[in-house]
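Enquirer: What follows is model-v6.pdb, PDB, C-alpha atoms.
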ATOM      1  CA  MET A   1     128.740  88.711 123.265
ATOM      2  CA  SER A   2     130.719  91.048 121.087
ATOM      3  CA  MET A   3     128.912  92.177 117.953
ATOM      4  CA  ILE A   4     132.212  92.682 116.105
ATOM      5  CA  THR A   5     132.942  89.041 115.288
ATOM      6  CA  GLU A   6     131.964  88.441 111.686
ATOM      7  CA  ARG A   7     135.141  89.602 109.947
ATOM      8  CA  PRO A   8     138.125  88.958 112.205
ATOM      9  CA  VAL A   9     141.499  90.360 111.243
ATOM     10  CA  THR A  10     144.320  87.885 111.686
ATOM     11  CA  GLY A  11     147.918  88.552 112.571
ATOM     12  CA  GLY A  12     149.665  90.474 115.297
ATOM     13  CA  ALA A  13     148.352  93.709 116.733
ATOM     14  CA  PRO A  14     149.381  96.441 114.270
ATOM     15  CA  ALA A  15     150.508  99.864 115.363
ATOM     16  CA  ALA A  16     148.053 102.708 115.036
ATOM     17  CA  GLY A  17     147.982 104.100 111.554
ATOM     18  CA  THR A  18     149.459 101.034 109.854
ATOM     19  CA  PRO A  19     147.663  99.474 106.852
ATOM     20  CA  GLY A  20     146.426  96.657 109.100
ATOM     21  CA  GLU A  21     144.883  99.106 111.568
ATOM     22  CA  VAL A  22     143.250 101.047 108.755
ATOM     23  CA  THR A  23     141.782  97.821 107.401
ATOM     24  CA  ARG A  24     140.436  96.879 110.820
ATOM     25  CA  ARG A  25     138.808 100.282 111.244
ATOM     26  CA  ARG A  26     137.179  99.938 107.854
ATOM     27  CA  ASP A  27     135.888  96.486 108.795
ATOM     28  CA  VAL A  28     134.455  97.829 112.045
ATOM     29  CA  ALA A  29     132.804 100.739 110.228
ATOM     30  CA  ALA A  30     131.378  98.362 107.618
ATOM     31  CA  LEU A  31     130.014  96.104 110.349
ATOM     32  CA  ILE A  32     128.364  99.036 112.110
ATOM     33  CA  ARG A  33     126.750 100.048 108.820
ATOM     34  CA  ALA A  34     125.532  96.472 108.402
ATOM     35  CA  TYR A  35     123.812  96.462 111.788
ATOM     36  CA  VAL A  36     122.222  99.815 110.987
ATOM     37  CA  ALA A  37     121.049  98.350 107.670
ATOM     38  CA  LEU A  38     119.305  95.537 109.555
ATOM     39  CA  THR A  39     117.007  98.153 111.106
ATOM     40  CA  LYS A  40     115.981  99.419 107.624
ATOM     41  CA  PRO A  41     116.404 103.106 108.570
ATOM     42  CA  ARG A  42     114.437 104.425 105.584
ATOM     43  CA  ILE A  43     111.352 102.578 106.790
ATOM     44  CA  VAL A  44     111.938 103.886 110.317
ATOM     45  CA  GLU A  45     112.079 107.452 108.974
ATOM     46  CA  LEU A  46     108.818 106.907 107.122
ATOM     47  CA  LEU A  47     107.090 105.644 110.265
ATOM     48  CA  LEU A  48     108.280 108.621 112.299
ATOM     49  CA  ILE A  49     106.811 111.091 109.794
ATOM     50  CA  SER A  50     103.413 110.438 111.348
ATOM     51  CA  THR A  51     104.434 110.224 115.006
ATOM     52  CA  VAL A  52     105.472 113.762 115.958
ATOM     53  CA  PRO A  53     102.532 115.530 114.244
ATOM     54  CA  THR A  54     100.152 113.100 115.937
ATOM     55  CA  MET A  55     101.729 113.884 119.319
ATOM     56  CA  MET A  56     101.360 117.605 118.615
ATOM     57  CA  LEU A  57      97.696 117.139 117.780
ATOM     58  CA  ALA A  58      97.119 115.082 120.924
ATOM     59  CA  ALA A  59      98.736 117.824 123.009
ATOM     60  CA  ASP A  60      96.944 120.659 121.157
ATOM     61  CA  GLY A  61     100.335 122.260 120.583
ATOM     62  CA  ILE A  62     103.891 121.408 121.483
ATOM     63  CA  PRO A  63     104.109 118.345 123.754
ATOM     64  CA  SER A  64     106.888 117.842 126.261
ATOM     65  CA  LEU A  65     110.124 117.739 124.289
ATOM     66  CA  TRP A  66     111.372 115.087 126.697
ATOM     67  CA  LEU A  67     108.357 112.925 125.881
ATOM     68  CA  VAL A  68     108.817 113.509 122.154
ATOM     69  CA  GLY A  69     112.438 112.446 122.455
ATOM     70  CA  VAL A  70     111.537 109.311 124.388
ATOM     71  CA  VAL A  71     108.866 108.306 121.882
ATOM     72  CA  LEU A  72     111.122 108.994 118.900
ATOM     73  CA  VAL A  73     113.986 106.992 120.376
ATOM     74  CA  GLY A  74     111.720 104.233 121.666
ATOM     75  CA  GLY A  75     109.761 104.127 118.426
ATOM     76  CA  SER A  76     112.913 104.046 116.307
ATOM     77  CA  LEU A  77     114.345 101.219 118.390
ATOM     78  CA  ALA A  78     111.059  99.305 118.223
ATOM     79  CA  ALA A  79     110.817  99.676 114.445
ATOM     80  CA  GLY A  80     114.500  98.798 114.130
ATOM     81  CA  ALA A  81     113.966  95.712 116.290
ATOM     82  CA  ALA A  82     111.010  94.564 114.204
ATOM     83  CA  ASN A  83     112.982  95.081 110.996
ATOM     84  CA  ALA A  84     116.093  93.300 112.291
ATOM     85  CA  LEU A  85     113.999  90.326 113.374
ATOM     86  CA  ASN A  86     112.285  90.437 109.984
ATOM     87  CA  CYS A  87     115.699  90.172 108.325
ATOM     88  CA  TYR A  88     116.496  87.166 110.500
ATOM     89  CA  ILE A  89     113.219  85.404 109.694
ATOM     90  CA  ASP A  90     113.355  86.242 105.985
ATOM     91  CA  ARG A  91     117.006  85.354 105.461
ATOM     92  CA  ASP A  92     116.013  82.371 103.300
ATOM     93  CA  ILE A  93     114.002  84.430 100.830
ATOM     94  CA  ASP A  94     116.202  87.539 100.955
ATOM     95  CA  GLN A  95     119.072  85.620  99.372
ATOM     96  CA  VAL A  96     117.027  84.768  96.263
ATOM     97  CA  MET A  97     115.514  88.214  95.689
ATOM     98  CA  LYS A  98     117.532  90.759  93.717
ATOM     99  CA  ARG A  99     116.123  93.592  95.820
ATOM    100  CA  THR A 100     117.297  92.058  99.098
ATOM    101  CA  LYS A 101     120.305  89.888  98.264
ATOM    102  CA  ARG A 102     122.702  92.666  99.334
ATOM    103  CA  ARG A 103     121.298  92.821 102.860
ATOM    104  CA  PRO A 104     123.668  91.912 105.708
ATOM    105  CA  LEU A 105     122.488  88.313 106.196
ATOM    106  CA  PRO A 106     122.510  87.190 102.528
ATOM    107  CA  THR A 107     126.000  88.706 102.143
ATOM    108  CA  HIS A 108     127.145  87.031 105.393
ATOM    109  CA  THR A 109     128.264  90.373 106.814
ATOM    110  CA  VAL A 110     126.277  89.610 109.967
ATOM    111  CA  ALA A 111     125.727  86.120 111.350
ATOM    112  CA  PRO A 112     122.055  85.055 111.713
ATOM    113  CA  ARG A 113     122.421  84.431 115.462
ATOM    114  CA  ASN A 114     123.898  87.895 115.989
ATOM    115  CA  ALA A 115     121.069  89.474 113.981
ATOM    116  CA  LEU A 116     118.530  87.648 116.161
ATOM    117  CA  VAL A 117     120.217  88.772 119.388
ATOM    118  CA  PHE A 118     120.518  92.319 118.041
ATOM    119  CA  GLY A 119     116.819  92.480 117.202
ATOM    120  CA  LEU A 120     115.754  91.053 120.567
ATOM    121  CA  VAL A 121     117.992  93.478 122.461
ATOM    122  CA  LEU A 122     116.550  96.424 120.553
ATOM    123  CA  ALA A 123     113.046  95.169 121.314
ATOM    124  CA  VAL A 124     113.736  94.849 125.045
ATOM    125  CA  VAL A 125     115.356  98.285 125.214
ATOM    126  CA  SER A 126     112.546  99.968 123.280
ATOM    127  CA  VAL A 127     109.744  98.428 125.341
ATOM    128  CA  THR A 128     111.600  99.129 128.588
ATOM    129  CA  LEU A 129     112.124 102.749 127.570
ATOM    130  CA  MET A 130     108.438 103.174 126.790
ATOM    131  CA  ALA A 131     107.408 101.430 130.022
ATOM    132  CA  VAL A 132     109.618 103.614 132.209
ATOM    133  CA  PHE A 133     108.924 106.979 130.615
ATOM    134  CA  THR A 134     105.446 106.816 129.021
ATOM    135  CA  ASN A 135     102.426 104.735 130.078
ATOM    136  CA  TRP A 136     101.045 101.224 129.891
ATOM    137  CA  LEU A 137      98.953 101.813 126.773
ATOM    138  CA  ALA A 138     101.812 103.226 124.683
ATOM    139  CA  THR A 139     104.043 100.421 125.953
ATOM    140  CA  ALA A 140     101.519  97.702 125.120
ATOM    141  CA  LEU A 141     101.002  99.128 121.633
ATOM    142  CA  THR A 142     104.771  99.208 121.063
ATOM    143  CA  LEU A 143     105.202  95.593 122.146
ATOM    144  CA  GLY A 144     102.141  94.545 120.166
ATOM    145  CA  ALA A 145     103.422  96.207 116.989
ATOM    146  CA  ILE A 146     106.769  94.380 117.184
ATOM    147  CA  ALA A 147     105.118  91.030 117.884
ATOM    148  CA  TYR A 148     102.475  91.459 115.188
ATOM    149  CA  TYR A 149     104.987  92.443 112.510
ATOM    150  CA  ASP A 150     107.347  89.550 113.125
ATOM    151  CA  LEU A 151     105.124  86.742 114.399
ATOM    152  CA  VAL A 152     101.898  87.405 112.509
ATOM    153  CA  TYR A 153     102.945  89.234 109.341
ATOM    154  CA  THR A 154     106.475  87.982 108.606
ATOM    155  CA  LEU A 155     106.158  84.391 109.802
ATOM    156  CA  TRP A 156     102.583  83.746 108.666
ATOM    157  CA  LEU A 157     100.731  86.245 106.493
ATOM    158  CA  LYS A 158     103.562  87.234 104.173
ATOM    159  CA  ARG A 159     104.201  83.647 103.112
ATOM    160  CA  THR A 160     100.648  82.299 102.975
ATOM    161  CA  THR A 161      98.154  84.834 101.598
ATOM    162  CA  TRP A 162      97.893  87.573  99.003
ATOM    163  CA  GLN A 163      96.086  89.626 101.670
ATOM    164  CA  ASN A 164      99.371  89.975 103.548
ATOM    165  CA  THR A 165      99.767  93.662 102.695
ATOM    166  CA  PHE A 166      96.265  94.512 103.921
ATOM    167  CA  TRP A 167      96.568  92.796 107.301
ATOM    168  CA  GLY A 168     100.193  93.802 107.660
ATOM    169  CA  GLY A 169      99.073  97.411 107.560
ATOM    170  CA  ILE A 170      97.961  97.154 111.184
ATOM    171  CA  CYS A 171     101.496  97.245 112.570
ATOM    172  CA  GLY A 172     102.582  99.864 110.037
ATOM    173  CA  SER A 173      99.884 102.206 111.329
ATOM    174  CA  ALA A 174     100.703 101.639 114.999
ATOM    175  CA  PRO A 175     103.078 104.647 115.417
ATOM    176  CA  VAL A 176     100.078 106.977 115.153
ATOM    177  CA  LEU A 177      98.325 105.265 118.048
ATOM    178  CA  ILE A 178     101.550 104.980 120.055
ATOM    179  CA  GLY A 179     102.268 108.694 119.690
ATOM    180  CA  TRP A 180      98.750 109.682 120.725
ATOM    181  CA  ALA A 181      98.689 107.238 123.646
ATOM    182  CA  ALA A 182     102.064 108.467 124.906
ATOM    183  CA  VAL A 183     100.654 111.996 125.246
ATOM    184  CA  THR A 184      97.154 111.286 126.543
ATOM    185  CA  GLY A 185      97.180 107.739 127.906
ATOM    186  CA  SER A 186      94.099 106.975 125.791
ATOM    187  CA  LEU A 187      92.918 106.816 122.164
ATOM    188  CA  ALA A 188      90.513 109.391 120.734
ATOM    189  CA  PRO A 189      88.535 109.385 117.450
ATOM    190  CA  ARG A 190      91.127 111.598 115.758
ATOM    191  CA  ALA A 191      93.823 109.066 116.631
ATOM    192  CA  TRP A 192      91.801 106.293 115.010
ATOM    193  CA  GLY A 193      91.097 108.548 112.032
ATOM    194  CA  LEU A 194      94.816 109.134 111.434
ATOM    195  CA  PHE A 195      95.408 105.418 111.960
ATOM    196  CA  ALA A 196      92.945 104.763 109.121
ATOM    197  CA  VAL A 197      94.794 107.220 106.885
ATOM    198  CA  VAL A 198      98.099 105.389 107.310
ATOM    199  CA  PHE A 199      96.429 101.968 107.153
ATOM    200  CA  PHE A 200      94.753 102.559 103.781
ATOM    201  CA  TRP A 201      97.767 104.503 102.476
ATOM    202  CA  GLN A 202      99.992 101.456 102.830
ATOM    203  CA  LEU A 203      98.049  99.527 100.195
ATOM    204  CA  PRO A 204      98.754 101.738  97.147
ATOM    205  CA  HIS A 205     102.229 102.455  98.507
ATOM    206  CA  PHE A 206     103.318  98.827  98.845
ATOM    207  CA  TYR A 207     101.336  97.487  95.877
ATOM    208  CA  ALA A 208     103.240  99.918  93.661
ATOM    209  CA  LEU A 209     106.516  98.589  95.062
ATOM    210  CA  ALA A 210     105.331  94.989  94.651
ATOM    211  CA  ILE A 211     104.556  95.619  90.966
ATOM    212  CA  LYS A 212     108.116  96.827  90.468
ATOM    213  CA  PHE A 213     109.563  93.729  92.150
ATOM    214  CA  LYS A 214     106.934  91.209  91.064
ATOM    215  CA  ASP A 215     109.499  88.770  89.628
ATOM    216  CA  ASP A 216     111.508  88.910  92.854
ATOM    217  CA  TYR A 217     108.501  87.973  94.968
ATOM    218  CA  ALA A 218     107.545  85.211  92.542
ATOM    219  CA  ARG A 219     111.067  83.782  92.650
ATOM    220  CA  ALA A 220     110.911  83.697  96.448
ATOM    221  CA  GLY A 221     107.433  82.148  96.507
ATOM    222  CA  ILE A 222     105.829  85.129  98.248
ATOM    223  CA  PRO A 223     102.158  85.514  97.176
ATOM    224  CA  MET A 224     102.061  89.299  96.915
ATOM    225  CA  LEU A 225      99.005  90.483  94.999
ATOM    226  CA  PRO A 226     100.919  91.337  91.777
ATOM    227  CA  VAL A 227     102.264  87.761  91.748
ATOM    228  CA  VAL A 228      98.856  86.065  91.951
ATOM    229  CA  ALA A 229      96.647  88.587  90.118
ATOM    230  CA  SER A 230      96.654  90.513  86.843
ATOM    231  CA  ILE A 231      98.141  93.979  86.641
ATOM    232  CA  ARG A 232      94.663  95.395  85.971
ATOM    233  CA  ARG A 233      93.345  93.804  89.172
ATOM    234  CA  VAL A 234      96.270  95.234  91.140
ATOM    235  CA  THR A 235      95.916  98.732  89.746
ATOM    236  CA  THR A 236      92.157  98.634  90.363
ATOM    237  CA  GLU A 237      92.858  97.903  94.021
ATOM    238  CA  ILE A 238      95.435 100.682  94.076
ATOM    239  CA  VAL A 239      92.794 103.127  92.856
ATOM    240  CA  LEU A 240      90.293 101.828  95.442
ATOM    241  CA  TYR A 241      92.665 102.158  98.381
ATOM    242  CA  THR A 242      93.932 105.521  97.205
ATOM    243  CA  TRP A 243      90.365 106.801  97.312
ATOM    244  CA  LEU A 244      89.898 105.243 100.762
ATOM    245  CA  THR A 245      93.111 106.914 101.938
ATOM    246  CA  VAL A 246      91.925 110.308 100.786
ATOM    247  CA  ALA A 247      88.441 109.701 102.204
ATOM    248  CA  ALA A 248      89.920 108.804 105.588
ATOM    249  CA  SER A 249      92.045 111.962 105.488
ATOM    250  CA  VAL A 250      89.010 114.115 104.734
ATOM    251  CA  LEU A 251      86.886 112.416 107.405
ATOM    252  CA  VAL A 252      89.406 113.498 110.043
ATOM    253  CA  TRP A 253      88.581 117.135 109.175
ATOM    254  CA  PRO A 254      85.237 117.340 111.021
ATOM    255  CA  LEU A 255      86.792 115.683 114.086
ATOM    256  CA  GLY A 256      88.185 118.999 115.237
ATOM    257  CA  MET A 257      90.671 119.904 112.491
ATOM    258  CA  GLY A 258      90.884 123.368 110.978
ATOM    259  CA  PRO A 259      90.666 124.680 107.405
ATOM    260  CA  VAL A 260      94.426 124.518 106.828
ATOM    261  CA  TYR A 261      94.320 120.772 107.318
ATOM    262  CA  GLY A 262      91.123 120.323 105.325
ATOM    263  CA  LEU A 263      92.189 122.323 102.271
ATOM    264  CA  THR A 264      95.630 120.731 102.273
ATOM    265  CA  VAL A 265      94.345 117.154 102.287
ATOM    266  CA  LEU A 266      91.816 117.974  99.578
ATOM    267  CA  ALA A 267      94.524 119.360  97.296
ATOM    268  CA  ALA A 268      97.091 116.646  98.030
ATOM    269  CA  GLY A 269      94.433 113.956  97.879
ATOM    270  CA  GLY A 270      93.293 115.126  94.477
ATOM    271  CA  MET A 271      96.812 114.762  93.095
ATOM    272  CA  PHE A 272      97.218 111.359  94.739
ATOM    273  CA  VAL A 273      93.991 110.097  93.171
ATOM    274  CA  VAL A 274      94.949 111.452  89.744
ATOM    275  CA  GLU A 275      98.294 109.632  89.869
ATOM    276  CA  ALA A 276      96.587 106.380  90.901
ATOM    277  CA  HIS A 277      94.147 106.639  87.988
ATOM    278  CA  ARG A 278      97.006 107.354  85.587
ATOM    279  CA  LEU A 279      98.694 104.166  86.754
ATOM    280  CA  SER A 280      95.476 102.228  86.204
ATOM    281  CA  GLN A 281      95.023 103.719  82.740
ATOM    282  CA  ARG A 282      98.560 102.788  81.726
ATOM    283  CA  ALA A 283      97.877  99.230  82.871
ATOM    284  CA  ALA A 284      94.624  99.131  80.876
ATOM    285  CA  ARG A 285      96.460 100.210  77.721
ATOM    286  CA  GLY A 286      99.011  97.444  78.206
ATOM    287  CA  GLY A 287     101.988  99.804  78.269
ATOM    288  CA  PRO A 288     104.676 100.377  80.922
ATOM    289  CA  VAL A 289     102.870 101.122  84.201
ATOM    290  CA  LYS A 290     105.735 103.033  85.895
ATOM    291  CA  PRO A 291     104.635 102.081  89.433
ATOM    292  CA  MET A 292     107.480 103.920  91.169
ATOM    293  CA  ARG A 293     105.930 107.248  90.195
ATOM    294  CA  LEU A 294     102.983 106.438  92.435
ATOM    295  CA  PHE A 295     105.274 104.934  95.078
ATOM    296  CA  HIS A 296     107.265 108.155  95.429
ATOM    297  CA  TRP A 297     104.175 110.347  95.224
ATOM    298  CA  SER A 298     102.559 108.325  98.020
ATOM    299  CA  ILE A 299     105.458 109.243 100.316
ATOM    300  CA  THR A 300     105.028 112.904  99.390
ATOM    301  CA  TYR A 301     101.297 112.653 100.093
ATOM    302  CA  LEU A 302     101.778 111.179 103.562
ATOM    303  CA  THR A 303     104.374 113.821 104.390
ATOM    304  CA  ILE A 304     102.040 116.626 103.295
ATOM    305  CA  VAL A 305      99.091 115.256 105.276
ATOM    306  CA  PHE A 306     101.016 114.974 108.524
ATOM    307  CA  ALA A 307     102.716 118.312 107.989
ATOM    308  CA  ALA A 308      99.176 119.734 107.793
ATOM    309  CA  VAL A 309      98.351 117.901 111.051
ATOM    310  CA  ALA A 310     101.334 119.576 112.730
ATOM    311  CA  VAL A 311     100.417 123.039 111.443
ATOM    312  CA  ASP A 312      96.796 122.543 112.514
ATOM    313  CA  ALA A 313      97.948 121.613 116.018
ATOM    314  CA  LEU A 314      99.844 124.895 116.309
ATOM    315  CA  LEU A 315      96.973 127.125 115.153
TER     316      LEU A 315
END
Take the structure in the file and give it back as structure tokens.

Expert:
Amino acid sequence: MSMITERPVTGGAPAAGTPGEVTRRRDVAALIRAYVALTKPRIVELLLISTVPTMMLAADGIPSLWLVGVVLVGGSLAAGAANALNCYIDRDIDQVMKRTKRRPLPTHTVAPRNALVFGLVLAVVSVTLMAVFTNWLATALTLGAIAYYDLVYTLWLKRTTWQNTFWGGICGSAPVLIGWAAVTGSLAPRAWGLFAVVFFWQLPHFYALAIKFKDDYARAGIPMLPVVASIRRVTTEIVLYTWLTVAASVLVWPLGMGPVYGLTVLAAGGMFVVEAHRLSQRAARGGPVKPMRLFHWSITYLTIVFAAVAVDALL
């Protein structure tokens, strides 16, 4: 089935370079961008921040560049598949949320059936790639992450419980385990420690985003914590999980990490905690909470932590 079917150009076949041909090329380029948008590439980039440093740590240096390439491609395709299928499942709520109404399905740039096929194809390719070139554990984790995100989180948890972000963090933390398993074929305490870092990190990260788009989630009937609880309750949980994130980062230190890692996570963690408390204090005063400050700082924090992991692996 051809993917380029959503915006047919009528009329006879124009000569190259004519206005009709230019229009067709623009339509094709727009359609390609739409399919890329289904994969939510910014989220994919965020997931991959943790993968390569984890592989370096598992290999105690530079792992096989071939293996790194396979895991990055396979992991990107797997995350893209999960996100495309998420767009297909959530097409009913995406069209009523301001944040998502410009996505390819609400704008009818891509047909729902084509989005479903696209996501399934990406999933098959990613799992096949991991199965052929890595090992059974990395492959099983990859398949499990896709299935959990779409079948457990998107179809069930997201729509039924305010704890959706907590339990959804399992699949978001999977790239750490997949990267480690691809190198070693097993899972060590440091792998689980880094998994915990990403798991707890997702709570302040996504709660901050949910505060920003609280009205959107309420309009769509999604029971995100900021929709069902007071802002003070939400910011209290943000502070709690920020502390747990930093604690998990520090607890990885005695598991064989060096001083560069330890001092880095202490410094970055201190700034992360301060920003979380500032958010909570603004909420307590009843003023503008400015949640996106914490959201963007959380990304910086995760980047710094895993950059420290990579440097530690090379020392």

Enquirer: Evaluated on this file, the PyMOL selection byres ((chain A and resi 306) around 8) picks out some residues - which ones are they, written as a list of chain:residue names?

Expert: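 Evaluating the PyMOL selection byres ((chain A and resi 306) around 8) on this file yields A:Ile49, A:Ser50, A:Pro53, A:Thr54, A:Leu302, A:Thr303, A:Ile304, A:Val305, A:Ala307, A:Ala308, A:Val309, A:Ala310.
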
Enquirer: May I have the selected residues written with C-alpha atoms, as a JSON list (two decimals), keeping the file's coordinate frame?

Expert:
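Generated output (selection_9.json):
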[["chain", "number", "residue", "atom", "x", "y", "z"],
["A", 49, "ILE", "CA", 106.81, 111.09, 109.79],
["A", 50, "SER", "CA", 103.41, 110.44, 111.35],
["A", 53, "PRO", "CA", 102.53, 115.53, 114.24],
["A", 54, "THR", "CA", 100.15, 113.10, 115.94],
["A", 302, "LEU", "CA", 101.78, 111.18, 103.56],
["A", 303, "THR", "CA", 104.37, 113.82, 104.39],
["A", 304, "ILE", "CA", 102.04, 116.63, 103.30],
["A", 305, "VAL", "CA", 99.09, 115.26, 105.28],
["A", 307, "ALA", "CA", 102.72, 118.31, 107.99],
["A", 308, "ALA", "CA", 99.18, 119.73, 107.79],
["A", 309, "VAL", "CA", 98.35, 117.90, 111.05],
["A", 310, "ALA", "CA", 101.33, 119.58, 112.73]]

Enquirer: Quick check on the file I pasted: which residues fall under the PyMOL selection byres ((chain A and resi 128) around 12)? Write them as a PDB file with C-alpha atoms, in the frame of the given file.

Expert:
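Once written, part-v3.pdb looks like this:
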ATOM      1  CA  VAL A  70     111.537 109.311 124.388  1.00  0.00           C
ATOM      2  CA  VAL A  71     108.866 108.306 121.882  1.00  0.00           C
ATOM      3  CA  VAL A  73     113.986 106.992 120.376  1.00  0.00           C
ATOM      4  CA  GLY A  74     111.720 104.233 121.666  1.00  0.00           C
ATOM      5  CA  GLY A  75     109.761 104.127 118.426  1.00  0.00           C
ATOM      6  CA  LEU A  77     114.345 101.219 118.390  1.00  0.00           C
ATOM      7  CA  ALA A  78     111.059  99.305 118.223  1.00  0.00           C
ATOM      8  CA  VAL A 121     117.992  93.478 122.461  1.00  0.00           C
ATOM      9  CA  LEU A 122     116.550  96.424 120.553  1.00  0.00           C
ATOM     10  CA  ALA A 123     113.046  95.169 121.314  1.00  0.00           C
ATOM     11  CA  VAL A 124     113.736  94.849 125.045  1.00  0.00           C
ATOM     12  CA  VAL A 125     115.356  98.285 125.214  1.00  0.00           C
ATOM     13  CA  SER A 126     112.546  99.968 123.280  1.00  0.00           C
ATOM     14  CA  VAL A 127     109.744  98.428 125.341  1.00  0.00           C
ATOM     15  CA  LEU A 129     112.124 102.749 127.570  1.00  0.00           C
ATOM     16  CA  MET A 130     108.438 103.174 126.790  1.00  0.00           C
ATOM     17  CA  ALA A 131     107.408 101.430 130.022  1.00  0.00           C
ATOM     18  CA  VAL A 132     109.618 103.614 132.209  1.00  0.00           C
ATOM     19  CA  PHE A 133     108.924 106.979 130.615  1.00  0.00           C
ATOM     20  CA  THR A 134     105.446 106.816 129.021  1.00  0.00           C
ATOM     21  CA  ASN A 135     102.426 104.735 130.078  1.00  0.00           C
ATOM     22  CA  TRP A 136     101.045 101.224 129.891  1.00  0.00           C
ATOM     23  CA  ALA A 138     101.812 103.226 124.683  1.00  0.00           C
ATOM     24  CA  THR A 139     104.043 100.421 125.953  1.00  0.00           C
ATOM     25  CA  ALA A 140     101.519  97.702 125.120  1.00  0.00           C
ATOM     26  CA  THR A 142     104.771  99.208 121.063  1.00  0.00           C
ATOM     27  CA  LEU A 143     105.202  95.593 122.146  1.00  0.00           C
TER      28      LEU A 143
END

Enquirer: I'd like the residues picked by the PyMOL selection byres ((chain A and resi 151-161) around 12) written out as a short mmCIF file (atom, residue, chain, number, x, y, z; two decimals) with C-alpha atoms, keeping the file's coordinate frame, using the chain letters and numbers from the file.

Expert:
data_model
loop_
_atom_site.label_atom_id
_atom_site.label_comp_id
_atom_site.auth_asym_id
_atom_site.auth_seq_id
_atom_site.Cartn_x
_atom_site.Cartn_y
_atom_site.Cartn_z
CA ALA A 82 111.01 94.56 114.20
CA ASN A 83 112.98 95.08 111.00
CA ALA A 84 116.09 93.30 112.29
CA LEU A 85 114.00 90.33 113.37
CA ASN A 86 112.28 90.44 109.98
CA CYS A 87 115.70 90.17 108.32
CA TYR A 88 116.50 87.17 110.50
CA ILE A 89 113.22 85.40 109.69
CA ASP A 90 113.36 86.24 105.98
CA ARG A 91 117.01 85.35 105.46
CA ASP A 92 116.01 82.37 103.30
CA ILE A 93 114.00 84.43 100.83
CA LEU A 143 105.20 95.59 122.15
CA GLY A 144 102.14 94.54 120.17
CA ALA A 145 103.42 96.21 116.99
CA ILE A 146 106.77 94.38 117.18
CA ALA A 147 105.12 91.03 117.88
CA TYR A 148 102.48 91.46 115.19
CA TYR A 149 104.99 92.44 112.51
CA ASP A 150 107.35 89.55 113.12
CA TRP A 162 97.89 87.57 99.00
CA GLN A 163 96.09 89.63 101.67
CA ASN A 164 99.37 89.98 103.55
CA THR A 165 99.77 93.66 102.70
CA PHE A 166 96.26 94.51 103.92
CA TRP A 167 96.57 92.80 107.30
CA GLY A 168 100.19 93.80 107.66
CA GLY A 169 99.07 97.41 107.56
CA ILE A 170 97.96 97.15 111.18
CA CYS A 171 101.50 97.24 112.57
CA GLY A 172 102.58 99.86 110.04
CA TYR A 217 108.50 87.97 94.97
CA ALA A 218 107.54 85.21 92.54
CA ALA A 220 110.91 83.70 96.45
CA GLY A 221 107.43 82.15 96.51
CA ILE A 222 105.83 85.13 98.25
CA PRO A 223 102.16 85.51 97.18
CA MET A 224 102.06 89.30 96.92
CA LEU A 225 99.00 90.48 95.00
CA VAL A 227 102.26 87.76 91.75
CA VAL A 228 98.86 86.06 91.95
#

Enquirer: Looking at all atoms listed in the file, which of A:Thr51, A:Thr109, A:Ser186, A:Thr235 is the one that sits closest to Lys290 in chain A?

Expert: A:Thr235

Enquirer: Let me make sure I understand: among A:Leu116, A:Ile299, A:Val110, A:Leu255, which one has the smallest atom-to-atom distance to Ala30 in chain A if we use all atoms listed in the file?

Expert: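 Distance minimum relative to Ala30 in chain A lands on A:Val110.
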
Enquirer: Report, in Å to a single decimal, how far apart CA of Leu251 in chain A and CA of Val239 in chain A are.

Expert: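 Separation between CA of Val239 in chain A and CA of Leu251 in chain A: 18.2 Å.
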
Enquirer: Of the residues A:Leu137, A:Val183, A:Val44, A:Val36, which is the one nearest to Trp66 in chain A, using all atoms listed in the file?

Expert: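 Nearest to Trp66 in chain A: A:Val183.
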
Enquirer: Dump as number ranges by chain all residues having an atom at most 12 Å from (107.2, 93.0, 89.5), computed in the file's coordinates with all atoms listed in the file.

Expert: A: 97-99, 206-219, 222-231, 234, 288-292

Enquirer: Considering only C-alpha atoms, state which residue in the set A:Gly185, A:Pro204, A:Pro104, A:Gly287 is at the smallest distance from Ala58 in chain A.

Expert: A:Gly185

Enquirer: Kindly indicate which residue among A:Ile178, A:Leu38, A:Ile43, A:Leu314 lies nearest to Thr100 in chain A, using only C-alpha atoms for the distances.

Expert: A:Leu38

Enquirer: Pick from A:Gly256, A:Ser249, A:Arg102, A:Thr236: nearest to Ala313 in chain A, with all atoms listed in the file counted?

Expert: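 Counting all atoms listed in the file, the residue closest to Ala313 in chain A is A:Gly256.
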
Enquirer: Take CA of Val246 in chain A and CA of Gly179 in chain A and report the distance between them in Å, one decimal.

Expert: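 Atom-to-atom, CA of Val246 in chain A and CA of Gly179 in chain A are spaced 21.6 Å apart.
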
Enquirer: What is the distance between CA of Phe118 in chain A and CA of Gly80 in chain A, in Å to one decimal?

Expert: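 CA of Gly80 in chain A lies at a distance of 9.7 Å from CA of Phe118 in chain A.
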